[in-house]
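Undergrad: Next comes final_30.txt, compact mmCIF, C-alpha atoms (C1' of nucleotides):
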```txt
# COMPACT_ATOMS: atom_id res chain seq x y z
CA MET D 1438 21.12 -6.45 27.24
CA LYS D 1439 18.11 -8.63 27.60
CA ASP D 1440 18.70 -12.33 27.56
CA PHE D 1441 16.95 -13.99 24.65
CA ILE D 1442 15.19 -16.59 26.75
CA ASN D 1443 13.56 -13.87 28.83
CA GLN D 1444 12.36 -12.23 25.68
CA PHE D 1445 11.04 -15.47 24.25
CA GLN D 1446 9.07 -15.85 27.44
CA GLU D 1447 7.13 -12.73 26.60
CA PHE D 1448 5.53 -14.59 23.74
CA SER D 1449 4.65 -17.64 25.74
CA GLN D 1450 5.70 -19.42 28.90
CA LEU D 1451 8.47 -21.91 28.32
CA ASP D 1452 9.08 -24.70 30.79
CA ASP D 1453 12.53 -25.06 32.33
CA ALA D 1454 13.50 -28.10 30.27
CA ALA D 1455 12.59 -26.24 27.08
CA LYS D 1456 14.58 -23.17 28.15
CA LEU D 1457 17.62 -25.28 28.87
CA ASP D 1458 17.38 -27.00 25.51
CA MET D 1459 17.00 -23.73 23.68
CA ILE D 1460 20.02 -22.25 25.36
CA THR D 1461 22.00 -25.35 24.48
CA VAL D 1462 21.22 -25.18 20.77
CA SER D 1463 21.61 -21.41 20.45
CA ARG D 1464 24.76 -19.77 19.23
CA LEU D 1465 25.97 -16.22 19.30
CA GLN D 1466 27.31 -14.38 16.27
CA HIS D 1467 28.64 -10.95 15.56
CA PHE D 1468 27.91 -9.03 12.37
CA LYS D 1469 29.73 -5.89 11.37
CA LYS D 1470 27.93 -2.79 10.17
CA GLY D 1471 26.81 -3.36 6.60
CA GLU D 1472 27.43 -7.08 6.73
CA VAL D 1473 24.90 -9.39 5.11
CA ILE D 1474 23.23 -11.72 7.58
CA LEU D 1475 21.13 -13.48 4.96
CA PRO D 1476 21.60 -12.93 1.22
CA VAL D 1477 18.52 -12.87 -0.99
CA GLY D 1478 17.87 -16.23 -2.66
CA ASN D 1479 19.15 -18.25 0.28
CA VAL D 1480 16.87 -20.24 2.51
CA CYS D 1481 16.55 -18.60 5.91
CA ARG D 1482 17.62 -21.46 8.16
CA HIS D 1483 17.75 -19.64 11.46
CA LEU D 1484 15.66 -17.80 13.91
CA TYR D 1485 17.57 -14.74 15.07
CA PHE D 1486 17.49 -12.60 18.16
CA VAL D 1487 19.09 -9.16 18.42
CA ASN D 1488 21.12 -8.82 21.58
CA GLN D 1489 22.63 -5.61 20.41
CA GLY D 1490 22.48 -3.62 17.21
CA LEU D 1491 20.06 -2.99 14.40
CA VAL D 1492 19.21 -4.91 11.26
CA LYS D 1493 16.92 -4.40 8.29
CA ILE D 1494 15.07 -6.88 6.11
CA PHE D 1495 14.59 -5.58 2.60
CA SER D 1496 14.12 -6.50 -1.02
CA VAL D 1497 14.89 -4.83 -4.31
CA LYS D 1498 12.27 -4.63 -7.03
CA SER D 1499 13.17 -3.11 -10.38
CA GLY D 1500 16.02 -1.15 -8.89
CA LYS D 1501 14.02 0.09 -5.93
CA GLU D 1502 14.63 -0.95 -2.40
CA PHE D 1503 11.73 -1.77 -0.15
CA ILE D 1504 12.27 -2.29 3.57
CA MET D 1505 10.04 -4.84 5.22
CA ARG D 1506 11.07 -4.13 8.76
CA PHE D 1507 13.80 -3.04 11.16
CA PHE D 1508 14.79 -5.11 14.18
CA SER D 1509 16.66 -3.80 17.20
CA GLU D 1510 17.56 -4.96 20.69
CA SER D 1511 15.39 -7.75 22.10
CA GLN D 1512 13.59 -8.50 18.87
CA ILE D 1513 13.26 -11.84 17.15
CA PHE D 1514 13.60 -11.93 13.38
CA ALA D 1515 13.78 -14.21 10.37
CA VAL D 1516 12.46 -14.24 6.84
CA PHE D 1517 9.53 -16.22 8.09
CA ASP D 1518 8.05 -17.55 4.91
CA SER D 1519 11.46 -18.77 3.80
CA PHE D 1520 12.15 -20.14 7.26
CA LEU D 1521 8.84 -21.97 7.45
CA THR D 1522 8.63 -23.29 3.93
CA LYS D 1523 12.35 -23.79 3.26
CA THR D 1524 12.12 -21.83 0.05
CA PRO D 1525 14.64 -19.18 -1.08
CA ALA D 1526 14.07 -15.85 0.63
CA ASN D 1527 12.90 -12.88 -1.41
CA PHE D 1528 14.61 -10.65 1.12
CA THR D 1529 18.07 -9.73 2.23
CA ILE D 1530 18.95 -9.18 5.86
CA ILE D 1531 21.80 -6.84 6.67
CA ALA D 1532 23.20 -5.32 9.82
CA LEU D 1533 22.76 -1.54 9.93
CA GLU D 1534 25.10 -1.38 12.91
CA ASP D 1535 27.62 -3.73 14.48
CA SER D 1536 25.27 -6.34 15.87
CA LEU D 1537 25.36 -9.22 18.29
CA VAL D 1538 22.85 -11.86 17.36
CA THR D 1539 21.69 -15.14 18.91
CA MET D 1540 20.73 -17.80 16.38
CA ILE D 1541 18.85 -21.08 16.53
CA SER D 1542 18.72 -23.27 13.44
CA HIS D 1543 15.47 -24.36 11.85
CA THR D 1544 16.39 -27.99 12.40
CA GLU D 1545 16.88 -27.44 16.11
CA MET D 1546 13.71 -25.40 16.34
CA GLU D 1547 11.75 -28.19 14.68
CA ALA D 1548 13.22 -30.76 17.03
CA LEU D 1549 12.47 -28.65 20.07
CA SER D 1550 8.95 -27.97 18.83
CA ARG D 1551 8.38 -31.66 18.65
CA LYS D 1552 9.90 -32.26 22.05
CA HIS D 1553 8.33 -29.39 23.99
CA HIS D 1554 4.80 -28.29 23.40
CA THR D 1555 5.64 -24.91 24.93
CA VAL D 1556 8.15 -24.33 22.13
CA GLU D 1557 5.64 -25.26 19.48
CA PHE D 1558 3.21 -22.84 21.05
CA PHE D 1559 5.82 -20.12 21.25
CA PHE D 1560 6.47 -20.70 17.59
CA ARG D 1561 2.86 -20.30 16.61
CA LYS D 1562 2.54 -17.18 18.72
CA LEU D 1563 5.58 -15.71 17.07
CA ILE D 1564 4.25 -16.36 13.60
CA SER D 1565 0.84 -15.02 14.44
CA ASP D 1566 2.48 -11.89 15.78
CA THR D 1567 4.19 -11.23 12.46
CA SER D 1568 0.95 -12.01 10.70
CA VAL D 1569 -0.93 -9.42 12.72
CA ARG D 1570 1.70 -6.83 11.95
CA LYS D 1571 1.48 -7.49 8.24
CA THR D 1572 -2.28 -7.16 8.25
CA LYS D 1573 -1.95 -3.88 10.09
CA ARG D 1574 0.62 -2.70 7.60
CA ILE D 1575 -1.54 -3.51 4.57
CA HIS D 1576 -4.36 -1.66 6.25
CA GLU D 1577 -2.25 1.40 6.87
CA ILE D 1578 -0.69 1.55 3.44
CA LEU D 1579 -4.09 1.45 1.81
CA GLY D 1580 -5.95 3.55 4.34
CA GLU D 1581 -3.59 6.31 5.45
CA ASP D 1582 -1.57 8.90 3.57
CA SER D 1583 2.20 9.07 3.83
CA THR D 1584 2.18 11.97 6.27
CA TRP D 1585 0.17 9.90 8.72
CA ARG D 1586 2.35 6.87 8.12
CA TYR D 1587 5.52 8.86 8.66
CA GLN D 1588 4.26 10.30 11.92
CA ASN D 1589 3.04 6.90 13.02
CA PHE D 1590 6.39 5.35 12.20
CA MET D 1591 8.16 7.98 14.26
CA LYS D 1592 5.79 7.46 17.16
CA GLU D 1593 6.05 3.67 17.12
CA ASN D 1594 9.83 3.65 16.75
CA LYS D 1595 10.87 6.50 19.02
CA HIS D 1596 13.69 4.46 20.53
CA ILE D 1597 15.41 3.69 17.23
CA VAL D 1598 14.49 6.36 14.68
CA HIS D 1599 17.62 8.34 15.43
CA ARG D 1600 19.63 5.31 14.35
CA ILE D 1601 17.84 4.98 11.00
CA SER D 1602 18.64 7.17 8.00
CA LEU D 1603 15.80 9.14 6.43
CA GLY D 1604 16.51 7.30 3.22
CA ASP D 1605 15.74 4.03 4.97
CA VAL D 1606 12.64 5.50 6.57
CA SER D 1607 11.34 6.45 3.13
CA LYS D 1608 12.14 2.98 1.82
CA PHE D 1609 10.10 1.55 4.66
CA LEU D 1610 7.18 3.89 4.04
CA GLY D 1611 7.22 3.15 0.32
CA ILE D 1612 7.78 6.73 -0.83
CA THR D 1613 10.73 8.55 -2.34
CA GLN D 1614 13.22 10.29 -0.14
CA GLN D 1615 12.20 13.58 -1.75
CA SER D 1616 8.60 13.04 -0.75
CA LEU D 1617 9.62 12.26 2.78
CA SER D 1618 11.70 15.41 2.89
CA ARG D 1619 8.70 17.40 1.68
CA ILE D 1620 6.49 15.83 4.34
CA ARG D 1621 9.04 16.68 7.01
CA SER D 1622 9.38 20.31 5.97
CA GLN D 1623 5.73 21.24 5.67
CA LYS D 1624 4.27 21.56 9.15
CA MET R 171 -17.36 -30.12 -4.62
CA LYS R 172 -14.08 -31.00 -3.03
CA ASP R 173 -14.14 -32.62 0.36
CA PHE R 174 -12.45 -30.48 2.98
CA ILE R 175 -10.15 -33.21 4.18
CA ASN R 176 -8.77 -33.66 0.69
CA GLN R 177 -8.10 -29.98 0.52
CA PHE R 178 -6.44 -29.89 3.90
CA GLN R 179 -4.15 -32.61 2.62
CA GLU R 180 -2.79 -30.24 0.04
CA PHE R 181 -1.19 -28.27 2.83
CA SER R 182 0.29 -31.25 4.57
CA GLN R 183 -0.19 -34.95 4.84
CA LEU R 184 -2.63 -35.95 7.58
CA ASP R 185 -2.59 -39.42 9.00
CA ASP R 186 -5.80 -41.45 8.98
CA ALA R 187 -6.49 -41.06 12.67
CA ALA R 188 -6.16 -37.29 12.37
CA LYS R 189 -8.47 -37.22 9.36
CA LEU R 190 -11.10 -39.18 11.18
CA ASP R 191 -10.90 -36.90 14.21
CA MET R 192 -11.16 -33.81 12.06
CA ILE R 193 -14.21 -35.12 10.28
CA THR R 194 -15.78 -35.93 13.63
CA VAL R 195 -15.36 -32.43 15.06
CA SER R 196 -16.32 -30.60 11.88
CA ARG R 197 -19.78 -29.26 11.27
CA LEU R 198 -21.50 -27.97 8.18
CA GLN R 199 -23.35 -24.66 8.02
CA HIS R 200 -25.24 -22.76 5.40
CA PHE R 201 -25.08 -18.97 5.04
CA LYS R 202 -27.42 -16.99 2.88
CA LYS R 203 -26.20 -14.31 0.48
CA GLY R 204 -25.35 -11.22 2.47
CA GLU R 205 -25.39 -13.04 5.77
CA VAL R 206 -22.71 -12.22 8.33
CA ILE R 207 -20.49 -15.18 9.14
CA LEU R 208 -18.39 -13.30 11.67
CA PRO R 209 -19.24 -9.80 12.91
CA VAL R 210 -16.40 -7.36 13.54
CA GLY R 211 -15.41 -7.23 17.20
CA ASN R 212 -16.11 -10.91 17.82
CA VAL R 213 -13.38 -13.42 18.37
CA CYS R 214 -13.02 -15.70 15.38
CA ARG R 215 -13.45 -19.09 17.02
CA HIS R 216 -13.56 -21.26 13.93
CA LEU R 217 -11.55 -22.35 11.02
CA TYR R 218 -13.80 -22.34 7.96
CA PHE R 219 -13.78 -24.18 4.68
CA VAL R 220 -15.84 -23.15 1.64
CA ASN R 221 -17.62 -26.15 0.12
CA GLN R 222 -19.69 -23.93 -2.07
CA GLY R 223 -20.11 -20.21 -2.42
CA LEU R 224 -18.07 -17.07 -1.98
CA VAL R 225 -17.22 -14.96 1.05
CA LYS R 226 -15.29 -11.78 1.69
CA ILE R 227 -13.28 -10.63 4.70
CA PHE R 228 -13.31 -6.87 5.05
CA SER R 229 -13.02 -3.97 7.44
CA VAL R 230 -14.31 -0.44 7.50
CA LYS R 231 -11.97 2.45 8.28
CA SER R 232 -13.36 5.98 8.47
CA GLY R 233 -16.34 5.07 6.35
CA LYS R 234 -14.33 3.26 3.74
CA GLU R 235 -14.48 -0.44 3.16
CA PHE R 236 -11.29 -2.38 2.62
CA ILE R 237 -11.44 -6.00 1.49
CA MET R 238 -8.71 -8.24 2.81
CA ARG R 239 -9.52 -11.25 0.70
CA PHE R 240 -12.16 -13.30 -1.08
CA PHE R 241 -12.58 -17.02 -0.50
CA SER R 242 -14.33 -19.42 -2.84
CA GLU R 243 -14.76 -23.16 -3.26
CA SER R 244 -12.10 -25.31 -1.59
CA GLN R 245 -10.48 -22.48 0.33
CA ILE R 246 -9.81 -22.34 4.04
CA PHE R 247 -10.46 -19.07 5.81
CA ALA R 248 -10.57 -17.39 9.21
CA VAL R 249 -9.56 -14.06 10.68
CA PHE R 250 -6.28 -15.61 11.61
CA ASP R 251 -4.89 -13.12 14.07
CA SER R 252 -8.16 -13.16 15.99
CA PHE R 253 -8.35 -16.92 15.74
CA LEU R 254 -4.79 -17.41 16.95
CA THR R 255 -4.69 -14.80 19.67
CA LYS R 256 -8.34 -14.96 20.76
CA THR R 257 -8.69 -11.22 20.44
CA PRO R 258 -11.66 -9.44 18.81
CA ALA R 259 -11.44 -9.45 15.04
CA ASN R 260 -10.91 -6.19 13.18
CA PHE R 261 -12.70 -7.74 10.24
CA THR R 262 -16.16 -8.82 9.26
CA ILE R 263 -16.79 -11.94 7.24
CA ILE R 264 -19.87 -12.07 5.07
CA ALA R 265 -21.20 -14.42 2.44
CA LEU R 266 -21.32 -12.84 -1.02
CA GLU R 267 -23.38 -15.77 -2.26
CA ASP R 268 -25.39 -18.53 -0.63
CA SER R 269 -22.57 -20.57 0.84
CA LEU R 270 -22.02 -23.97 2.33
CA VAL R 271 -19.25 -23.91 4.88
CA THR R 272 -17.47 -26.54 7.00
CA MET R 273 -16.36 -25.28 10.40
CA ILE R 274 -14.01 -26.56 13.08
CA SER R 275 -13.81 -24.73 16.38
CA HIS R 276 -10.60 -23.31 17.76
CA THR R 277 -10.90 -25.50 20.83
CA GLU R 278 -11.15 -28.64 18.73
CA MET R 279 -8.30 -27.51 16.52
CA GLU R 280 -6.11 -26.95 19.56
CA ALA R 281 -6.97 -30.36 20.94
CA LEU R 282 -6.29 -32.04 17.63
CA SER R 283 -3.02 -30.15 17.24
CA ARG R 284 -1.93 -31.49 20.55
CA LYS R 285 -3.05 -35.01 19.71
CA HIS R 286 -1.76 -35.26 16.16
CA HIS R 287 1.49 -33.77 15.11
CA THR R 288 0.31 -33.79 11.50
CA VAL R 289 -2.49 -31.41 12.46
CA GLU R 290 -0.11 -29.07 14.23
CA PHE R 291 2.07 -29.09 11.16
CA PHE R 292 -0.89 -28.47 8.90
CA PHE R 293 -1.77 -25.55 11.10
CA ARG R 294 1.66 -23.99 10.84
CA LYS R 295 1.70 -24.49 7.09
CA LEU R 296 -1.66 -22.81 6.80
CA ILE R 297 -0.54 -19.81 8.79
CA SER R 298 2.70 -19.50 6.91
CA ASP R 299 0.73 -19.58 3.68
CA THR R 300 -1.34 -16.58 4.73
CA SER R 301 1.81 -14.87 5.91
CA VAL R 302 3.46 -15.30 2.53
CA ARG R 303 0.41 -13.88 0.80
CA LYS R 304 0.40 -10.83 3.03
CA THR R 305 4.05 -10.14 2.38
CA LYS R 306 3.42 -10.41 -1.34
CA ARG R 307 0.48 -8.07 -1.04
CA ILE R 308 2.46 -5.42 0.84
CA HIS R 309 5.10 -5.70 -1.80
CA GLU R 310 2.64 -5.24 -4.62
CA ILE R 311 0.77 -2.36 -3.09
CA LEU R 312 3.99 -0.45 -2.59
CA GLY R 313 5.73 -1.52 -5.76
CA GLU R 314 3.10 -1.69 -8.48
CA ASP R 315 0.56 0.81 -9.77
CA SER R 316 -3.16 0.10 -9.68
CA THR R 317 -3.36 -0.83 -13.37
CA TRP R 318 -0.86 -3.60 -12.78
CA ARG R 319 -2.60 -4.69 -9.62
CA TYR R 320 -5.97 -4.77 -11.33
CA GLN R 321 -4.66 -6.88 -14.19
CA ASN R 322 -2.86 -9.15 -11.77
CA PHE R 323 -5.99 -9.57 -9.70
CA MET R 324 -7.96 -10.53 -12.79
CA LYS R 325 -5.30 -12.98 -13.84
CA GLU R 326 -4.99 -14.62 -10.42
CA ASN R 327 -8.74 -14.84 -9.89
CA LYS R 328 -9.99 -15.80 -13.33
CA HIS R 329 -12.34 -18.42 -11.94
CA ILE R 330 -14.21 -16.07 -9.63
CA VAL R 331 -13.93 -12.50 -10.95
CA HIS R 332 -17.24 -12.77 -12.76
CA ARG R 333 -18.87 -13.39 -9.39
CA ILE R 334 -17.33 -10.30 -7.76
CA SER R 335 -18.70 -6.79 -8.30
CA LEU R 336 -16.35 -4.14 -9.63
CA GLY R 337 -17.05 -2.17 -6.48
CA ASP R 338 -15.65 -5.01 -4.43
CA VAL R 339 -12.68 -5.37 -6.75
CA SER R 340 -11.83 -1.71 -6.19
CA LYS R 341 -12.23 -2.15 -2.44
CA PHE R 342 -9.75 -5.01 -2.63
CA LEU R 343 -7.28 -3.01 -4.71
CA GLY R 344 -7.53 -0.05 -2.39
CA ILE R 345 -8.70 2.46 -5.00
CA THR R 346 -12.02 4.16 -5.68
CA GLN R 347 -14.54 2.59 -7.98
CA GLN R 348 -14.16 5.59 -10.31
CA SER R 349 -10.44 4.98 -10.59
CA LEU R 350 -11.04 1.34 -11.36
CA SER R 351 -13.53 2.29 -14.03
CA ARG R 352 -10.98 4.67 -15.53
CA ILE R 353 -8.36 1.93 -15.54
CA ARG R 354 -10.76 -0.46 -17.23
CA SER R 355 -11.73 1.99 -19.97
CA GLN R 356 -8.28 3.20 -20.97
CA LYS R 357 -6.62 0.47 -23.06
C1' DT C 181 41.13 23.13 7.70
C1' DT C 182 40.33 21.50 3.18
C1' DT C 183 38.54 18.23 0.09
C1' DG C 184 35.49 14.83 -1.12
C1' DC C 185 31.57 11.65 -0.30
C1' DT C 186 27.00 10.86 1.43
C1' DT C 187 22.65 12.35 2.98
C1' DT C 188 19.02 15.53 2.94
C1' DT C 189 16.53 19.33 1.10
C1' DT C 190 14.47 22.34 -2.49
C1' DA C 191 12.31 23.27 -6.77
C1' DC C 192 9.69 22.49 -10.95
C1' DC C 193 6.99 19.75 -13.83
C1' DA C 194 4.31 15.43 -14.91
C1' DT C 195 0.90 12.17 -13.63
C1' DA C 196 -1.91 8.79 -11.05
C1' DG C 197 -5.51 8.68 -8.34
C1' DG C 198 -9.10 11.18 -5.23
C1' DT C 199 -13.43 14.04 -5.06
C1' DT C 200 -17.70 15.35 -6.58
C1' DA C 201 -21.51 15.13 -9.51
C1' DA C 202 -24.21 13.26 -12.87
C1' DA C 203 -25.31 10.18 -16.72
C1' DA C 204 -25.76 5.55 -18.37
C1' DA C 205 -26.28 0.81 -17.83
C1' DT C 206 -27.72 -3.08 -15.34
C1' DT C 207 -30.55 -5.63 -12.13
C1' DA C 208 -34.40 -6.22 -9.11
C1' DT C 209 -39.26 -5.55 -7.95
C1' DG C 210 -44.23 -4.50 -8.17
C1' DC Q 86 -43.44 -4.45 -18.68
C1' DA Q 87 -42.48 -0.35 -16.02
C1' DT Q 88 -40.50 1.64 -12.35
C1' DA Q 89 -37.21 1.73 -8.82
C1' DA Q 90 -32.80 0.59 -6.98
C1' DT Q 91 -28.20 -0.50 -7.70
C1' DT Q 92 -23.95 -0.64 -10.13
C1' DT Q 93 -20.85 1.20 -13.39
C1' DT Q 94 -19.10 4.78 -16.23
C1' DT Q 95 -17.89 9.55 -17.61
C1' DA Q 96 -16.19 13.97 -16.80
C1' DA Q 97 -14.06 18.16 -14.71
C1' DC Q 98 -11.19 19.57 -11.35
C1' DC Q 99 -7.78 18.98 -7.47
C1' DT Q 100 -3.99 17.08 -4.72
C1' DA Q 101 -0.36 14.05 -3.38
C1' DT Q 102 3.44 11.84 -4.89
C1' DG Q 103 6.92 10.62 -8.50
C1' DG Q 104 10.82 12.03 -11.65
C1' DT Q 105 14.63 14.78 -12.47
C1' DA Q 106 18.06 17.96 -11.31
C1' DA Q 107 20.66 20.61 -8.46
C1' DA Q 108 21.78 22.93 -4.15
C1' DA Q 109 22.78 22.53 0.66
C1' DA Q 110 24.09 20.32 4.68
C1' DG Q 111 26.46 16.87 7.23
C1' DC Q 112 30.30 13.78 7.91
C1' DA Q 113 34.79 11.62 7.14
C1' DA Q 114 39.34 11.31 5.94
C1' DA Q 115 43.76 13.50 4.63
```
As structure tokens - that is how I would like this structure written.

TA:
Amino acid sequence: MKDFINQFQEFSQLDDAAKLDMITVSRLQHFKKGEVILPVGNVCRHLYFVNQGLVKIFSVKSGKEFIMRFFSESQIFAVFDSFLTKTPANFTIIALEDSLVTMISHTEMEALSRKHHTVEFFFRKLISDTSVRKTKRIHEILGEDSTWRYQNFMKENKHIVHRISLGDVSKFLGITQQSLSRIRSQK
Amino acid sequence: MKDFINQFQEFSQLDDAAKLDMITVSRLQHFKKGEVILPVGNVCRHLYFVNQGLVKIFSVKSGKEFIMRFFSESQIFAVFDSFLTKTPANFTIIALEDSLVTMISHTEMEALSRKHHTVEFFFRKLISDTSVRKTKRIHEILGEDSTWRYQNFMKENKHIVHRISLGDVSKFLGITQQSLSRIRSQK
DNA sequence: TTTGCTTTTTACCATAGGTTAAAAATTATG
DNA sequence: CATAATTTTTAACCTATGGTAAAAAGCAAA
């Protein structure tokens, strides 16, 4: 189990004082399988880090579920637009497995950003990382067919695909489960 | 023609010292219709502001053009992931009309962010704004059909649609021009 | 094991959007 | 103007994916 500070370091170097402060303000929480970490409509007031487990961020639009992303061990997550703008989240976060999560509140993050430039920088890096991913995703949805996207998803998520149901994979890809099944069979 | 500082203010309040500094480091440049503002593969080293004109940010994937976004008067643009991570941009920026653009270099922006917390905050707001838009876009592409997306695009871009070719509209929507034409005729 | 619940697959039809080709309309140029 | 170049539309055909329904497989609990 990778310590969250080590992981944060991979985004940007944090000085020792900053590290210490971050550890101080962080808290650990356990979520049971199926438990809601953030209900839709609530403001996302924390930055989360997965120590152990698996979560999904999703939304429901006219009865259909759409999965934004999965997060597993050593990943940082939040509903960023809600987190950054303090507006109600359009997404729900739930634990797909029993999960152990480290949390830092928005308030604390803001304070630390102000105090330590390295934290502010880390923050910006983190946001730009999610931004890059979204751009890539838009690109792929518009430019590649679902077979390609399925194979790509499997390739890029080798370590966790066996923990995700095919239904959830299809909800991530934006196709029906039947279509996914068809894609899987032909070949 | 809206002054860029005024526009920046709409994202977050800038103090007078910050404003003055930003004006000092900004420079104005003219681009002719069709001129490349940023070639693909180059690092996007500036934050841009459209005083007058219209630009598009696009990429080409296996011969097909995909338009990320259009920017017209009073809008701030950049290839943000390139700008933030200093990696080569996957997108080209070109002027669709003769355009007058205010530019601030990444280096200057970084320096000002460090100097003025209001600038840093503005920066984060700006990035989170683009992030929200991308999320919305992903959502729409996966959840709505092209007729809906076309109508929505027209609604949300009333002021500039008459300046954009239907070919470019289709490249933004991610469908062929023929499909767009079909959508436009039926109804 | 048996029974029941959930997930995944199969099948058949309907439809949106892609492909290709060409006509029509619009805009630019000599 | 007249001609060329570009943009937009029309049309015929094709394919991928959705909708619906039901079967099959996998898993869980008694």

Undergrad: When you get a sec, could you note down which chain D residues fall within 8 Å of chain C, using all atoms listed in the file, as a ChimeraX atom specification?

TA: /D:1603-1604,1615,1618

Undergrad: Just C-alpha atoms for this one: save the residues we selected as an mmCIF file, keeping the file's coordinate frame.

TA:
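Printed below is selection14.cif as written:
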```cif
data_model
loop_
_atom_site.group_PDB
_atom_site.id
_atom_site.type_symbol
_atom_site.label_atom_id
_atom_site.label_comp_id
_atom_site.auth_asym_id
_atom_site.auth_seq_id
_atom_site.Cartn_x
_atom_site.Cartn_y
_atom_site.Cartn_z
ATOM 1 C CA LEU D 1603 15.800 9.140 6.430
ATOM 2 C CA GLY D 1604 16.510 7.300 3.220
ATOM 3 C CA GLN D 1615 12.200 13.580 -1.750
ATOM 4 C CA SER D 1618 11.700 15.410 2.890
#
```

Undergrad: Using only C-alpha atoms (C1' of nucleotides) and a distance of at most 10 Å, pull out the residues of chain Q that contact chain D, as a PyMOL selection string.

TA: chain Q and resi 101-104

Undergrad: At a cut-off of 7 Å, list the chain D residues touching chain R, using all atoms listed in the file, as a compact mmCIF listing (two decimals) with C-alpha atoms, keeping the file's coordinate frame.

TA:
```
# COMPACT_ATOMS: atom_id res chain seq x y z
CA ASP D 1518 8.05 -17.55 4.91
CA LEU D 1521 8.84 -21.97 7.45
CA ARG D 1561 2.86 -20.30 16.61
CA SER D 1565 0.84 -15.02 14.44
CA SER D 1568 0.95 -12.01 10.70
CA VAL D 1569 -0.93 -9.42 12.72
CA LYS D 1571 1.48 -7.49 8.24
CA THR D 1572 -2.28 -7.16 8.25
CA ILE D 1575 -1.54 -3.51 4.57
CA LEU D 1579 -4.09 1.45 1.81
CA GLY D 1611 7.22 3.15 0.32
```

Undergrad: Excluding same-chain residues fewer than 3 positions from stretch 199-201 of chain R, what lies within 9 Å of it counting all atoms listed in the file, as a list of chain:residue names?

TA: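 The neighbour list is R:Gly204, R:Glu205, R:Val206, R:Ile207, R:Ile264, R:Ala265, R:Glu267, R:Asp268, R:Ser269, R:Leu270, R:Val271, R:Thr272, R:Met273.
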
Undergrad: By how many Å are atom CA of R:Leu224 and atom CA of R:Lys328 apart?

TA: 14.0 Å

Undergrad: Can you pull out every residue within 12 Å of R:Leu184, counting all atoms listed in the file, but drop anything in the same chain fewer than 3 positions away, and send it as a list in words?

TA: Ile175, Asn176, Gln177, Phe178, Gln179, Glu180, Phe181, Ala187, Ala188, Lys189, Leu190, Asp191, Met192, Ile193, Leu282, Ser283, His286, His287, Thr288, Val289, Glu290, Phe291, Phe292 and Phe293 of chain R

Undergrad: Any chance you could build stretch 1603-1615 of chain D out to N, CA and C atoms and write it as a short mmCIF file (atom, residue, chain, number, x, y, z; two decimals), in the frame of the given file?

TA:
```
data_model
loop_
_atom_site.label_atom_id
_atom_site.label_comp_id
_atom_site.auth_asym_id
_atom_site.auth_seq_id
_atom_site.Cartn_x
_atom_site.Cartn_y
_atom_site.Cartn_z
N LEU D 1603 17.09 8.74 7.01
CA LEU D 1603 15.80 9.14 6.43
C LEU D 1603 15.55 8.39 5.12
N GLY D 1604 16.64 8.09 4.44
CA GLY D 1604 16.51 7.30 3.22
C GLY D 1604 15.86 5.96 3.53
N ASP D 1605 16.31 5.31 4.60
CA ASP D 1605 15.74 4.03 4.97
C ASP D 1605 14.30 4.18 5.46
N VAL D 1606 14.02 5.27 6.14
CA VAL D 1606 12.64 5.50 6.57
C VAL D 1606 11.74 5.58 5.34
N SER D 1607 12.16 6.32 4.35
CA SER D 1607 11.34 6.45 3.13
C SER D 1607 11.18 5.11 2.43
N LYS D 1608 12.23 4.30 2.45
CA LYS D 1608 12.14 2.98 1.82
C LYS D 1608 11.20 2.06 2.59
N PHE D 1609 11.06 2.31 3.88
CA PHE D 1609 10.10 1.55 4.66
C PHE D 1609 8.68 2.02 4.36
N LEU D 1610 8.52 3.33 4.27
CA LEU D 1610 7.18 3.89 4.04
C LEU D 1610 6.68 3.65 2.61
N GLY D 1611 7.62 3.38 1.71
CA GLY D 1611 7.22 3.15 0.32
C GLY D 1611 7.06 4.43 -0.47
N ILE D 1612 7.80 5.47 -0.09
CA ILE D 1612 7.78 6.73 -0.83
C ILE D 1612 9.22 7.12 -1.16
N THR D 1613 9.38 8.12 -2.01
CA THR D 1613 10.73 8.55 -2.34
C THR D 1613 11.31 9.39 -1.19
N GLN D 1614 12.60 9.50 -1.19
CA GLN D 1614 13.22 10.29 -0.14
C GLN D 1614 12.81 11.77 -0.27
N GLN D 1615 12.63 12.21 -1.50
CA GLN D 1615 12.20 13.58 -1.75
C GLN D 1615 10.82 13.85 -1.15
#
```
